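Colleague: Input file: upload07.cif. Contents: mmCIF, C-alpha atoms (C1' of nucleotides).
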data_structure
#
loop_
_atom_site.label_atom_id
_atom_site.label_comp_id
_atom_site.auth_asym_id
_atom_site.auth_seq_id
_atom_site.Cartn_x
_atom_site.Cartn_y
_atom_site.Cartn_z
CA MET X 1 -29.86 -22.77 -0.79
CA ASP X 2 -28.99 -19.11 -0.67
CA LYS X 3 -25.77 -18.59 -2.51
CA ALA X 4 -25.07 -14.95 -1.75
CA PRO X 5 -23.38 -15.50 1.66
CA LEU X 6 -20.73 -17.75 0.16
CA PHE X 7 -19.66 -15.10 -2.29
CA GLN X 8 -19.53 -12.52 0.48
CA LYS X 9 -17.39 -14.81 2.57
CA PHE X 10 -15.18 -15.44 -0.43
CA VAL X 11 -14.63 -11.71 -0.92
CA ARG X 12 -13.93 -11.11 2.75
CA PHE X 13 -11.59 -14.08 2.80
CA THR X 14 -9.54 -13.02 -0.19
CA THR X 15 -9.25 -9.57 1.36
CA SER X 16 -7.93 -11.15 4.55
CA VAL X 17 -5.41 -13.18 2.59
CA HIS X 18 -4.13 -10.09 0.84
CA GLN X 19 -4.01 -8.26 4.14
CA LEU X 20 -2.04 -11.02 5.84
CA THR X 21 0.31 -11.33 2.88
CA HIS X 22 1.04 -7.66 3.21
CA GLU X 23 1.70 -7.88 6.96
CA ILE X 24 3.79 -11.01 6.79
CA THR X 25 6.00 -9.67 4.00
CA MET X 26 6.44 -6.18 5.47
CA GLY X 27 10.05 -5.11 5.28
CA VAL X 28 11.42 -8.39 3.91
CA ARG X 29 12.36 -6.74 0.64
CA GLU X 30 15.77 -5.11 0.65
CA ASP X 31 15.88 -1.51 -0.47
CA THR X 32 18.22 -2.29 -3.34
CA ILE X 33 15.36 -3.76 -5.36
CA THR X 34 11.90 -2.50 -6.27
CA PRO X 35 8.62 -4.30 -5.48
CA LEU X 36 8.33 -5.50 -9.06
CA GLN X 37 11.88 -6.83 -9.00
CA TYR X 38 11.12 -8.61 -5.75
CA SER X 39 8.10 -10.31 -7.25
CA ILE X 40 10.22 -11.52 -10.14
CA LEU X 41 12.90 -12.85 -7.82
CA GLU X 42 10.25 -14.56 -5.73
CA TYR X 43 8.83 -16.19 -8.84
CA VAL X 44 12.24 -17.37 -10.00
CA ALA X 45 13.05 -18.60 -6.48
CA VAL X 46 10.01 -20.88 -6.28
CA THR X 47 9.89 -21.91 -9.94
CA GLY X 48 13.55 -22.56 -10.64
CA LEU X 49 14.64 -22.20 -14.23
CA VAL X 50 12.36 -19.84 -16.14
CA THR X 51 12.24 -17.80 -19.32
CA PRO X 52 11.30 -14.13 -19.68
CA SER X 53 8.10 -15.17 -21.46
CA GLN X 54 7.05 -17.30 -18.54
CA ILE X 55 7.67 -14.47 -16.11
CA SER X 56 5.79 -12.12 -18.39
CA ASP X 57 2.79 -14.47 -18.64
CA CYS X 58 2.60 -15.42 -14.99
CA LEU X 59 3.20 -12.01 -13.45
CA TYR X 60 1.33 -10.03 -16.11
CA ILE X 61 4.28 -7.86 -16.99
CA SER X 62 4.83 -7.00 -20.64
CA LEU X 63 7.81 -8.71 -22.21
CA PRO X 64 9.76 -5.48 -22.77
CA ASN X 65 9.29 -4.47 -19.16
CA THR X 66 10.16 -7.96 -17.98
CA SER X 67 13.33 -7.77 -20.02
CA ARG X 68 14.21 -4.41 -18.52
CA GLU X 69 13.73 -5.59 -14.94
CA ILE X 70 15.69 -8.80 -15.51
CA LYS X 71 18.50 -6.74 -16.90
CA LYS X 72 18.57 -4.70 -13.70
CA LEU X 73 18.52 -7.84 -11.58
CA VAL X 74 21.43 -9.24 -13.55
CA GLN X 75 23.32 -5.96 -13.07
CA LYS X 76 22.71 -6.21 -9.33
CA GLY X 77 24.16 -9.72 -9.38
CA LEU X 78 20.95 -11.41 -8.23
CA CYS X 79 20.07 -13.27 -11.42
CA GLU X 80 21.93 -14.79 -14.29
CA LYS X 81 20.80 -15.42 -17.80
CA TYR X 82 21.96 -17.82 -20.47
CA THR X 83 20.78 -18.91 -23.86
CA ALA X 84 18.79 -22.15 -23.95
CA PRO X 85 20.82 -24.72 -25.88
CA GLU X 86 17.74 -26.35 -27.43
CA ASP X 87 16.29 -23.09 -28.73
CA ARG X 88 18.64 -20.21 -28.96
CA ARG X 89 15.85 -17.62 -29.03
CA MET X 90 15.06 -18.46 -25.43
CA GLN X 91 16.86 -17.30 -22.34
CA TYR X 92 16.97 -19.17 -19.08
CA ILE X 93 16.92 -17.13 -15.89
CA ARG X 94 18.03 -18.37 -12.51
CA LEU X 95 19.13 -16.92 -9.21
CA THR X 96 22.79 -16.39 -8.50
CA ASP X 97 24.16 -17.49 -5.13
CA GLN X 98 23.74 -13.92 -3.95
CA GLY X 99 20.14 -13.95 -5.17
CA GLU X 100 19.53 -17.25 -3.34
CA VAL X 101 20.90 -15.80 -0.14
CA MET X 102 18.69 -12.75 -0.42
CA MET X 103 15.55 -14.74 -1.09
CA ASN X 104 16.31 -17.36 1.56
CA LYS X 105 16.58 -14.57 4.08
CA ALA X 106 13.27 -13.12 2.94
CA PHE X 107 11.52 -16.50 3.09
CA ALA X 108 12.98 -17.22 6.52
CA THR X 109 11.45 -14.03 7.89
CA ILE X 110 8.13 -14.84 6.32
CA GLU X 111 8.19 -18.36 7.70
CA ALA X 112 9.04 -17.12 11.19
CA ARG X 113 6.07 -14.77 11.09
CA PHE X 114 3.85 -17.57 9.86
CA TRP X 115 4.80 -19.77 12.83
CA GLU X 116 4.29 -16.85 15.19
CA ARG X 117 0.65 -17.10 14.21
CA THR X 118 0.32 -20.86 14.10
CA GLY X 119 3.18 -22.37 16.10
CA HIS X 120 1.19 -22.59 19.33
CA MET X 121 -1.50 -24.78 17.77
CA SER X 122 -2.05 -28.49 18.35
CA THR X 123 -1.24 -31.08 15.73
CA GLU X 124 -4.97 -31.60 15.18
CA GLU X 125 -5.54 -27.93 14.50
CA LEU X 126 -2.62 -27.75 12.11
CA THR X 127 -3.94 -30.80 10.27
CA GLU X 128 -7.34 -29.16 9.96
CA ILE X 129 -5.71 -26.08 8.52
CA GLU X 130 -3.70 -28.13 6.06
CA GLN X 131 -6.83 -29.96 4.90
CA ALA X 132 -8.78 -26.73 4.53
CA ILE X 133 -5.98 -25.27 2.40
CA GLU X 134 -5.91 -28.36 0.22
CA LEU X 135 -9.67 -28.32 -0.22
CA LEU X 136 -9.80 -24.68 -1.26
CA GLU X 137 -6.74 -25.00 -3.45
CA SER X 138 -8.22 -27.92 -5.37
CA LYS X 139 -11.83 -26.77 -5.60
CA VAL X 140 -11.66 -23.00 -5.86
CA PHE X 141 -8.23 -21.50 -6.26
CA HIS X 142 -6.69 -23.95 -8.70
CA ASP X 143 -5.43 -22.94 -12.12
CA ARG X 144 -7.78 -23.20 -15.02
CA GLN X 145 -7.18 -23.98 -18.63
CA PRO X 146 -6.90 -20.80 -20.61
CA LEU X 147 -9.61 -20.48 -23.25
CA MET L 1 5.29 -33.74 13.12
CA ASP L 2 7.15 -32.15 10.27
CA LYS L 3 6.03 -28.57 9.98
CA ALA L 4 7.77 -27.52 6.79
CA PRO L 5 5.12 -28.86 4.35
CA LEU L 6 2.39 -26.75 5.92
CA PHE L 7 4.34 -23.56 5.34
CA GLN L 8 5.03 -24.59 1.76
CA LYS L 9 1.35 -25.24 1.20
CA PHE L 10 0.54 -21.91 2.80
CA VAL L 11 2.85 -20.10 0.41
CA ARG L 12 1.53 -21.92 -2.63
CA PHE L 13 -2.01 -21.27 -1.48
CA THR L 14 -1.60 -17.55 -0.97
CA THR L 15 0.00 -17.36 -4.41
CA SER L 16 -3.05 -19.10 -5.87
CA VAL L 17 -5.36 -16.69 -4.09
CA HIS L 18 -3.50 -13.72 -5.51
CA GLN L 19 -3.51 -15.31 -8.94
CA LEU L 20 -7.26 -15.97 -8.86
CA THR L 21 -7.95 -12.48 -7.55
CA HIS L 22 -6.08 -11.10 -10.51
CA GLU L 23 -7.97 -13.25 -13.02
CA ILE L 24 -11.36 -12.68 -11.52
CA THR L 25 -10.94 -8.90 -11.40
CA MET L 26 -9.39 -8.53 -14.85
CA GLY L 27 -10.96 -5.67 -16.72
CA VAL L 28 -13.56 -4.80 -14.10
CA ARG L 29 -11.93 -1.47 -13.43
CA GLU L 30 -13.08 1.32 -15.71
CA ASP L 31 -10.33 3.21 -17.48
CA THR L 32 -11.36 6.49 -15.90
CA ILE L 33 -9.77 5.48 -12.59
CA THR L 34 -6.35 4.15 -11.64
CA PRO L 35 -5.69 0.88 -9.79
CA LEU L 36 -5.06 2.75 -6.56
CA GLN L 37 -8.27 4.70 -6.94
CA TYR L 38 -10.12 1.45 -7.59
CA SER L 39 -8.77 -0.08 -4.41
CA ILE L 40 -9.95 2.95 -2.45
CA LEU L 41 -13.41 2.79 -4.00
CA GLU L 42 -13.57 -0.92 -3.26
CA TYR L 43 -12.65 -0.27 0.36
CA VAL L 44 -15.25 2.46 0.70
CA ALA L 45 -17.85 0.27 -1.02
CA VAL L 46 -17.47 -2.59 1.44
CA THR L 47 -16.82 -0.52 4.56
CA GLY L 48 -19.38 2.24 4.16
CA LEU L 49 -18.59 5.52 5.85
CA VAL L 50 -14.83 5.98 6.30
CA THR L 51 -12.26 8.66 7.03
CA PRO L 52 -9.05 9.35 5.10
CA SER L 53 -7.04 8.11 8.09
CA GLN L 54 -8.84 4.76 8.01
CA ILE L 55 -8.18 4.38 4.30
CA SER L 56 -4.57 5.35 4.86
CA ASP L 57 -4.13 2.81 7.66
CA CYS L 58 -5.92 -0.08 6.01
CA LEU L 59 -4.55 0.31 2.49
CA TYR L 60 -1.05 1.43 3.52
CA ILE L 61 -1.19 4.67 1.59
CA SER L 62 0.32 7.77 3.19
CA LEU L 63 -2.23 10.31 4.31
CA PRO L 64 -1.08 12.96 1.80
CA ASN L 65 -1.39 10.50 -1.06
CA THR L 66 -4.74 9.27 0.22
CA SER L 67 -5.95 12.86 0.32
CA ARG L 68 -4.79 13.43 -3.24
CA GLU L 69 -6.55 10.34 -4.59
CA ILE L 70 -9.77 11.08 -2.73
CA LYS L 71 -9.72 14.54 -4.22
CA LYS L 72 -9.52 13.02 -7.69
CA LEU L 73 -12.36 10.62 -6.93
CA VAL L 74 -14.51 13.50 -5.71
CA GLN L 75 -13.70 15.44 -8.90
CA LYS L 76 -14.80 12.42 -10.95
CA GLY L 77 -18.08 12.38 -9.05
CA LEU L 78 -17.52 8.94 -7.54
CA CYS L 79 -17.08 9.94 -3.90
CA GLU L 80 -18.29 12.67 -1.66
CA LYS L 81 -16.76 14.09 1.42
CA TYR L 82 -18.19 15.98 4.37
CA THR L 83 -16.97 17.17 7.71
CA ALA L 84 -17.84 14.93 10.66
CA PRO L 85 -20.22 16.87 12.89
CA GLU L 86 -18.82 15.34 16.10
CA ASP L 87 -15.19 16.20 15.26
CA ARG L 88 -14.70 18.81 12.64
CA ARG L 89 -11.13 17.76 11.92
CA MET L 90 -12.39 14.51 10.43
CA GLN L 91 -13.85 13.97 7.00
CA TYR L 92 -16.35 11.29 6.13
CA ILE L 93 -16.06 9.70 2.71
CA ARG L 94 -18.81 7.77 0.97
CA LEU L 95 -19.70 6.73 -2.55
CA THR L 96 -21.99 8.88 -4.64
CA ASP L 97 -24.81 7.18 -6.55
CA GLN L 98 -22.55 7.17 -9.58
CA GLY L 99 -19.80 5.55 -7.51
CA GLU L 100 -22.26 2.93 -6.25
CA VAL L 101 -23.31 2.12 -9.78
CA MET L 102 -19.71 1.71 -10.89
CA MET L 103 -18.77 -0.56 -8.01
CA ASN L 104 -21.97 -2.62 -8.22
CA LYS L 105 -21.17 -3.29 -11.84
CA ALA L 106 -17.63 -4.33 -10.92
CA PHE L 107 -18.80 -6.62 -8.13
CA ALA L 108 -21.45 -8.15 -10.37
CA THR L 109 -18.79 -9.16 -12.89
CA ILE L 110 -16.60 -10.58 -10.16
CA GLU L 111 -19.51 -12.53 -8.70
CA ALA L 112 -20.45 -13.94 -12.10
CA ARG L 113 -16.90 -15.18 -12.58
CA PHE L 114 -16.91 -16.68 -9.11
CA TRP L 115 -20.02 -18.71 -9.89
CA GLU L 116 -18.57 -19.78 -13.21
CA ARG L 117 -16.01 -21.64 -11.12
CA THR L 118 -18.31 -22.92 -8.39
CA GLY L 119 -21.87 -22.80 -9.70
CA HIS L 120 -21.85 -26.38 -10.90
CA MET L 121 -21.02 -27.80 -7.49
CA SER L 122 -23.35 -29.68 -5.17
CA THR L 123 -24.71 -28.15 -1.99
CA GLU L 124 -22.45 -30.44 0.02
CA GLU L 125 -19.37 -29.26 -1.84
CA LEU L 126 -20.32 -25.63 -1.42
CA THR L 127 -20.86 -26.18 2.28
CA GLU L 128 -17.44 -27.77 2.58
CA ILE L 129 -15.91 -24.77 0.87
CA GLU L 130 -17.75 -22.39 3.14
CA GLN L 131 -16.53 -24.25 6.22
CA ALA L 132 -12.96 -24.34 4.97
CA ILE L 133 -13.06 -20.58 4.38
CA GLU L 134 -14.43 -19.99 7.86
CA LEU L 135 -11.79 -22.20 9.43
CA LEU L 136 -8.88 -20.50 7.69
CA GLU L 137 -10.33 -17.06 8.25
CA SER L 138 -10.67 -17.63 11.98
CA LYS L 139 -7.46 -19.56 12.62
CA VAL L 140 -4.93 -18.12 10.18
CA PHE L 141 -6.03 -15.09 8.23
CA HIS L 142 -7.82 -13.16 10.96
CA ASP L 143 -6.78 -9.68 12.02
CA ARG L 144 -4.40 -9.36 14.89
CA GLN L 145 -4.03 -6.75 17.55
CA PRO L 146 -1.36 -4.27 16.58
CA LEU L 147 1.52 -4.17 19.03
"C1'" DT G 1 -5.65 30.59 27.77
"C1'" DC G 2 -1.80 28.45 25.62
"C1'" DC G 3 0.45 24.42 24.19
"C1'" DT G 4 0.28 20.02 22.09
"C1'" DT G 5 -1.74 16.60 19.43
"C1'" DT G 6 -4.66 14.97 15.80
"C1'" DA G 7 -6.66 14.98 11.10
"C1'" DC G 8 -6.16 16.48 6.92
"C1'" DT G 9 -4.48 19.33 2.84
"C1'" DT G 10 -1.38 21.25 -0.56
"C1'" DA G 11 2.67 21.29 -3.13
"C1'" DT G 12 6.59 19.24 -5.02
"C1'" DC G 13 9.81 15.91 -6.50
"C1'" DA G 14 11.74 11.31 -7.46
"C1'" DT G 15 10.94 6.70 -8.56
"C1'" DT G 16 8.52 3.02 -10.35
"C1'" DT G 17 5.76 1.04 -13.52
"C1'" DG G 18 3.13 0.69 -17.92
"C1'" DA G 19 2.76 1.13 -22.90
"C1'" DT G 20 4.40 1.13 -27.48
"C1'" DA G 21 7.38 1.13 -31.54
"C1'" DA G 22 11.22 -0.59 -33.79
"C1'" DC G 23 14.54 -3.95 -34.10
"C1'" DA G 24 17.52 -8.48 -34.08
"C1'" DA G 25 18.04 -13.29 -33.95
"C1'" DT G 26 16.43 -17.78 -34.32
"C1'" DA G 27 13.12 -21.29 -35.50
"C1'" DT G 28 9.43 -23.29 -38.30
"C1'" DC G 29 7.07 -24.47 -42.23
"C1'" DA G 30 5.43 -24.26 -47.01
"C1'" DT Y 1 14.97 -21.25 -49.92
"C1'" DG Y 2 12.03 -17.66 -48.50
"C1'" DA Y 3 8.20 -16.11 -45.85
"C1'" DT Y 4 6.37 -16.10 -41.29
"C1'" DA Y 5 6.17 -16.74 -36.38
"C1'" DT Y 6 8.45 -16.74 -31.99
"C1'" DT Y 7 11.47 -14.87 -28.39
"C1'" DG Y 8 13.65 -11.36 -26.63
"C1'" DT Y 9 15.95 -6.54 -26.54
"C1'" DT Y 10 16.40 -1.56 -26.68
"C1'" DA Y 11 14.67 2.93 -26.50
"C1'" DT Y 12 11.41 6.24 -25.32
"C1'" DC Y 13 7.56 8.35 -23.29
"C1'" DA Y 14 3.65 8.88 -20.21
"C1'" DA Y 15 1.25 7.82 -16.15
"C1'" DA Y 16 0.89 6.23 -11.51
"C1'" DT Y 17 2.66 5.95 -7.18
"C1'" DG Y 18 5.71 7.01 -3.17
"C1'" DA Y 19 7.96 10.25 -0.09
"C1'" DT Y 20 8.47 14.44 2.29
"C1'" DA Y 21 8.01 19.24 3.84
"C1'" DA Y 22 5.13 22.74 5.17
"C1'" DG Y 23 0.82 24.44 6.36
"C1'" DT Y 24 -4.32 24.78 8.28
"C1'" DA Y 25 -7.84 23.90 11.44
"C1'" DA Y 26 -9.90 21.77 15.22
"C1'" DA Y 27 -9.66 19.25 19.63
"C1'" DG Y 28 -7.91 18.30 24.16
"C1'" DG Y 29 -5.27 18.93 28.22
"C1'" DA Y 30 -2.37 21.56 31.63
#
Mind converting the file's structure to structure tokens?

Modeller:
Amino acid sequence: MDKAPLFQKFVRFTTSVHQLTHEITMGVREDTITPLQYSILEYVAVTGLVTPSQISDCLYISLPNTSREIKKLVQKGLCEKYTAPEDRRMQYIRLTDQGEVMMNKAFATIEARFWERTGHMSTEELTEIEQAIELLESKVFHDRQPL
Amino acid sequence: MDKAPLFQKFVRFTTSVHQLTHEITMGVREDTITPLQYSILEYVAVTGLVTPSQISDCLYISLPNTSREIKKLVQKGLCEKYTAPEDRRMQYIRLTDQGEVMMNKAFATIEARFWERTGHMSTEELTEIEQAIELLESKVFHDRQPL
DNA sequence: TCCTTTACTTATCATTTGATAACAATATCA
DNA sequence: TGATATTGTTATCAAATGATAAGTAAAGGA
């Protein structure tokens, strides 16, 4: 079996995913926050309660810079921070109500654009898509143990 | 049919794709170029002959900034630029031999990491993956006509 | 020919992001 | 208890990127 075509398709595919992500998220970010701040809010929105270290590890932002951006988000009233009772070195970060509202609005726009693309499809087609996503997620794009 | 789970899976999946892209491309960029310059080189490498306008449109970089970065890449000897004979307003950009070497090295590292993940799989599994990629590419992540 | 549009360049400035050093507070472990 | 590791903060600086105005040159159309 010739393996080269699969890698080429993989590269083209990931490019398409990045491209679509860009299109589908165009303009959803309010101008009061920066792209980096948006990505942090997005992470907090989907993950729930998180620490600065987690954000730093998952988004590849240094801890000092993470701290700085969180501080700005707190100042803007989008996040709140409190000391973890079980380990007072740690801080828990979560969205404020205002932060929730902002992110819900963003996600709603994204979801609407997603269904613009896929809403017309039959149940069978949507099921196929769901299965394809699950297959790729589990076999290729899953997390790996760090060495 | 409840549609919400599909969107959730879509979001999780695109996050995984971005995550894997980050991991698999870690450190492949030489320190002599910036991330933005790398993304331009990558685009030129896969697309072949391109114009600044194309780069600007596809990578969402303003034309002035595209022009600036191309100039730097030319200075570093990674790209070359020449006036299109059929329309002398346009410039064609392509990689120099040195640019080719740099990008081939980068792609080789990325490919090696890709096969680290998938090389152990059976032909049937790889075929499944290929089909799933093709399905998603054609039904969800394809380009759309601009309005 | 003249006017308009297109493709690109140059210059400049502000903002965002990245990197690093130094520090404080708490927890862990010998 | 005292040394060490962990978690996070603050401050500072440099680099990368984004945005905009103004200009050049060529093409295309009235």

Colleague: Can you work out which residues from chain G touch chain L at a cut-off of 10 Å (counting all atoms listed in the file) and hand them back as a ChimeraX atom specification?

Modeller: /G:6-10

Colleague: Output C-alpha atoms (C1' of nucleotides) for every residue in that selection, as a tab-separated table (two decimals), in the frame of the given file.

Modeller:
chain	number	residue	atom	x	y	z
G	6	DT	C1'	-4.66	14.97	15.80
G	7	DA	C1'	-6.66	14.98	11.10
G	8	DC	C1'	-6.16	16.48	6.92
G	9	DT	C1'	-4.48	19.33	2.84
G	10	DT	C1'	-1.38	21.25	-0.56

Colleague: How would chain X read as a compact mmCIF listing (two decimals) with C-alpha atoms, in the frame of the given file once least-squares superposed on chain L using all paired C-alpha atoms?

Modeller:
# COMPACT_ATOMS: atom_id res chain seq x y z
CA MET X 1 5.28 -33.73 13.13
CA ASP X 2 7.14 -32.13 10.27
CA LYS X 3 6.04 -28.56 9.98
CA ALA X 4 7.77 -27.52 6.78
CA PRO X 5 5.10 -28.85 4.35
CA LEU X 6 2.39 -26.72 5.92
CA PHE X 7 4.33 -23.56 5.34
CA GLN X 8 5.01 -24.57 1.75
CA LYS X 9 1.35 -25.23 1.20
CA PHE X 10 0.54 -21.90 2.79
CA VAL X 11 2.86 -20.08 0.39
CA ARG X 12 1.52 -21.91 -2.63
CA PHE X 13 -2.02 -21.26 -1.48
CA THR X 14 -1.59 -17.54 -0.98
CA THR X 15 0.00 -17.36 -4.41
CA SER X 16 -3.04 -19.10 -5.88
CA VAL X 17 -5.36 -16.68 -4.12
CA HIS X 18 -3.50 -13.71 -5.52
CA GLN X 19 -3.50 -15.32 -8.94
CA LEU X 20 -7.24 -15.96 -8.86
CA THR X 21 -7.94 -12.47 -7.56
CA HIS X 22 -6.06 -11.11 -10.51
CA GLU X 23 -7.95 -13.26 -13.02
CA ILE X 24 -11.36 -12.68 -11.53
CA THR X 25 -10.92 -8.90 -11.40
CA MET X 26 -9.37 -8.56 -14.87
CA GLY X 27 -10.93 -5.68 -16.73
CA VAL X 28 -13.55 -4.81 -14.11
CA ARG X 29 -11.91 -1.47 -13.43
CA GLU X 30 -13.03 1.31 -15.74
CA ASP X 31 -10.29 3.21 -17.48
CA THR X 32 -11.33 6.50 -15.92
CA ILE X 33 -9.75 5.50 -12.61
CA THR X 34 -6.33 4.16 -11.66
CA PRO X 35 -5.68 0.88 -9.81
CA LEU X 36 -5.05 2.74 -6.57
CA GLN X 37 -8.27 4.70 -6.96
CA TYR X 38 -10.12 1.46 -7.59
CA SER X 39 -8.77 -0.07 -4.41
CA ILE X 40 -9.95 2.95 -2.46
CA LEU X 41 -13.40 2.79 -4.01
CA GLU X 42 -13.56 -0.92 -3.28
CA TYR X 43 -12.64 -0.26 0.34
CA VAL X 44 -15.25 2.47 0.69
CA ALA X 45 -17.84 0.26 -1.04
CA VAL X 46 -17.47 -2.60 1.44
CA THR X 47 -16.80 -0.51 4.55
CA GLY X 48 -19.37 2.23 4.16
CA LEU X 49 -18.58 5.50 5.86
CA VAL X 50 -14.84 5.96 6.30
CA THR X 51 -12.27 8.64 7.02
CA PRO X 52 -9.06 9.34 5.10
CA SER X 53 -7.05 8.08 8.08
CA GLN X 54 -8.83 4.76 8.00
CA ILE X 55 -8.18 4.38 4.29
CA SER X 56 -4.57 5.36 4.84
CA ASP X 57 -4.12 2.81 7.64
CA CYS X 58 -5.91 -0.07 5.99
CA LEU X 59 -4.55 0.31 2.47
CA TYR X 60 -1.07 1.44 3.51
CA ILE X 61 -1.22 4.67 1.58
CA SER X 62 0.29 7.77 3.17
CA LEU X 63 -2.25 10.32 4.30
CA PRO X 64 -1.15 12.98 1.80
CA ASN X 65 -1.43 10.53 -1.06
CA THR X 66 -4.76 9.27 0.23
CA SER X 67 -5.98 12.84 0.31
CA ARG X 68 -4.82 13.42 -3.24
CA GLU X 69 -6.56 10.33 -4.59
CA ILE X 70 -9.79 11.08 -2.74
CA LYS X 71 -9.75 14.52 -4.22
CA LYS X 72 -9.54 13.02 -7.70
CA LEU X 73 -12.37 10.61 -6.93
CA VAL X 74 -14.51 13.49 -5.72
CA GLN X 75 -13.70 15.41 -8.92
CA LYS X 76 -14.79 12.40 -10.96
CA GLY X 77 -18.08 12.36 -9.06
CA LEU X 78 -17.53 8.92 -7.53
CA CYS X 79 -17.09 9.92 -3.90
CA GLU X 80 -18.32 12.66 -1.67
CA LYS X 81 -16.77 14.09 1.43
CA TYR X 82 -18.21 15.96 4.38
CA THR X 83 -16.98 17.13 7.72
CA ALA X 84 -17.84 14.88 10.67
CA PRO X 85 -20.21 16.78 12.95
CA GLU X 86 -18.76 15.27 16.14
CA ASP X 87 -15.17 16.15 15.28
CA ARG X 88 -14.68 18.75 12.66
CA ARG X 89 -11.09 17.69 11.93
CA MET X 90 -12.41 14.47 10.44
CA GLN X 91 -13.88 13.94 7.02
CA TYR X 92 -16.36 11.25 6.14
CA ILE X 93 -16.07 9.67 2.71
CA ARG X 94 -18.81 7.76 0.97
CA LEU X 95 -19.71 6.71 -2.54
CA THR X 96 -21.98 8.85 -4.64
CA ASP X 97 -24.80 7.17 -6.56
CA GLN X 98 -22.54 7.15 -9.59
CA GLY X 99 -19.79 5.54 -7.52
CA GLU X 100 -22.25 2.91 -6.26
CA VAL X 101 -23.29 2.10 -9.79
CA MET X 102 -19.70 1.71 -10.90
CA MET X 103 -18.76 -0.54 -8.02
CA ASN X 104 -21.95 -2.60 -8.23
CA LYS X 105 -21.13 -3.29 -11.84
CA ALA X 106 -17.60 -4.32 -10.93
CA PHE X 107 -18.79 -6.61 -8.12
CA ALA X 108 -21.43 -8.16 -10.37
CA THR X 109 -18.77 -9.16 -12.88
CA ILE X 110 -16.60 -10.58 -10.15
CA GLU X 111 -19.49 -12.52 -8.69
CA ALA X 112 -20.44 -13.94 -12.08
CA ARG X 113 -16.89 -15.17 -12.57
CA PHE X 114 -16.89 -16.67 -9.10
CA TRP X 115 -20.04 -18.70 -9.87
CA GLU X 116 -18.57 -19.76 -13.19
CA ARG X 117 -16.02 -21.63 -11.12
CA THR X 118 -18.30 -22.90 -8.39
CA GLY X 119 -21.88 -22.78 -9.66
CA HIS X 120 -21.87 -26.36 -10.91
CA MET X 121 -21.04 -27.78 -7.47
CA SER X 122 -23.39 -29.65 -5.15
CA THR X 123 -24.74 -28.10 -1.98
CA GLU X 124 -22.47 -30.40 0.03
CA GLU X 125 -19.39 -29.23 -1.81
CA LEU X 126 -20.33 -25.59 -1.41
CA THR X 127 -20.88 -26.15 2.31
CA GLU X 128 -17.45 -27.74 2.59
CA ILE X 129 -15.93 -24.75 0.87
CA GLU X 130 -17.76 -22.34 3.15
CA GLN X 131 -16.54 -24.21 6.23
CA ALA X 132 -12.97 -24.31 4.97
CA ILE X 133 -13.06 -20.55 4.38
CA GLU X 134 -14.42 -19.95 7.86
CA LEU X 135 -11.80 -22.18 9.44
CA LEU X 136 -8.90 -20.47 7.70
CA GLU X 137 -10.33 -17.03 8.26
CA SER X 138 -10.66 -17.60 12.00
CA LYS X 139 -7.46 -19.53 12.63
CA VAL X 140 -4.94 -18.11 10.19
CA PHE X 141 -6.02 -15.08 8.23
CA HIS X 142 -7.82 -13.13 10.93
CA ASP X 143 -6.76 -9.67 12.02
CA ARG X 144 -4.39 -9.37 14.90
CA GLN X 145 -4.03 -6.76 17.56
CA PRO X 146 -1.38 -4.28 16.59
CA LEU X 147 1.53 -4.22 19.04

Colleague: Evaluating the PyMOL selection byres ((chain Y) within 12 of (chain X)) on the displayed file yields which residues, as a list in words?

Modeller: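 Matching residues under the PyMOL selection byres ((chain Y) within 12 of (chain X)) are DT6, DT7, DG8, DT9, DT10, DA11, DT17 and DG18 of chain Y.
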
Colleague: For the residues selected in the previous step, produce a file with C-alpha atoms (C1' of nucleotides) as a compact mmCIF listing (two decimals), in the frame of the given file.

Modeller:
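Result file out19.txt:
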# COMPACT_ATOMS: atom_id res chain seq x y z
C1' DT Y 6 8.45 -16.74 -31.99
C1' DT Y 7 11.47 -14.87 -28.39
C1' DG Y 8 13.65 -11.36 -26.63
C1' DT Y 9 15.95 -6.54 -26.54
C1' DT Y 10 16.40 -1.56 -26.68
C1' DA Y 11 14.67 2.93 -26.50
C1' DT Y 17 2.66 5.95 -7.18
C1' DG Y 18 5.71 7.01 -3.17

Colleague: Starting from chain X, keep only residues with some atom at most 8 Å from an atom of chain L, counting all atoms listed in the file, and report them as a tab-separated table (two decimals) with C-alpha atoms, in the frame of the given file.

Modeller:
chain	number	residue	atom	x	y	z
X	1	MET	CA	-29.86	-22.77	-0.79
X	6	LEU	CA	-20.73	-17.75	0.16
X	7	PHE	CA	-19.66	-15.10	-2.29
X	9	LYS	CA	-17.39	-14.81	2.57
X	10	PHE	CA	-15.18	-15.44	-0.43
X	13	PHE	CA	-11.59	-14.08	2.80
X	14	THR	CA	-9.54	-13.02	-0.19
X	16	SER	CA	-7.93	-11.15	4.55
X	17	VAL	CA	-5.41	-13.18	2.59
X	18	HIS	CA	-4.13	-10.09	0.84
X	20	LEU	CA	-2.04	-11.02	5.84
X	21	THR	CA	0.31	-11.33	2.88
X	111	GLU	CA	8.19	-18.36	7.70
X	114	PHE	CA	3.85	-17.57	9.86
X	117	ARG	CA	0.65	-17.10	14.21
X	118	THR	CA	0.32	-20.86	14.10
X	123	THR	CA	-1.24	-31.08	15.73
X	129	ILE	CA	-5.71	-26.08	8.52
X	130	GLU	CA	-3.70	-28.13	6.06
X	132	ALA	CA	-8.78	-26.73	4.53
X	133	ILE	CA	-5.98	-25.27	2.40
X	134	GLU	CA	-5.91	-28.36	0.22
X	135	LEU	CA	-9.67	-28.32	-0.22
X	136	LEU	CA	-9.80	-24.68	-1.26
X	137	GLU	CA	-6.74	-25.00	-3.45
X	139	LYS	CA	-11.83	-26.77	-5.60
X	140	VAL	CA	-11.66	-23.00	-5.86
X	141	PHE	CA	-8.23	-21.50	-6.26
X	142	HIS	CA	-6.69	-23.95	-8.70
X	143	ASP	CA	-5.43	-22.94	-12.12
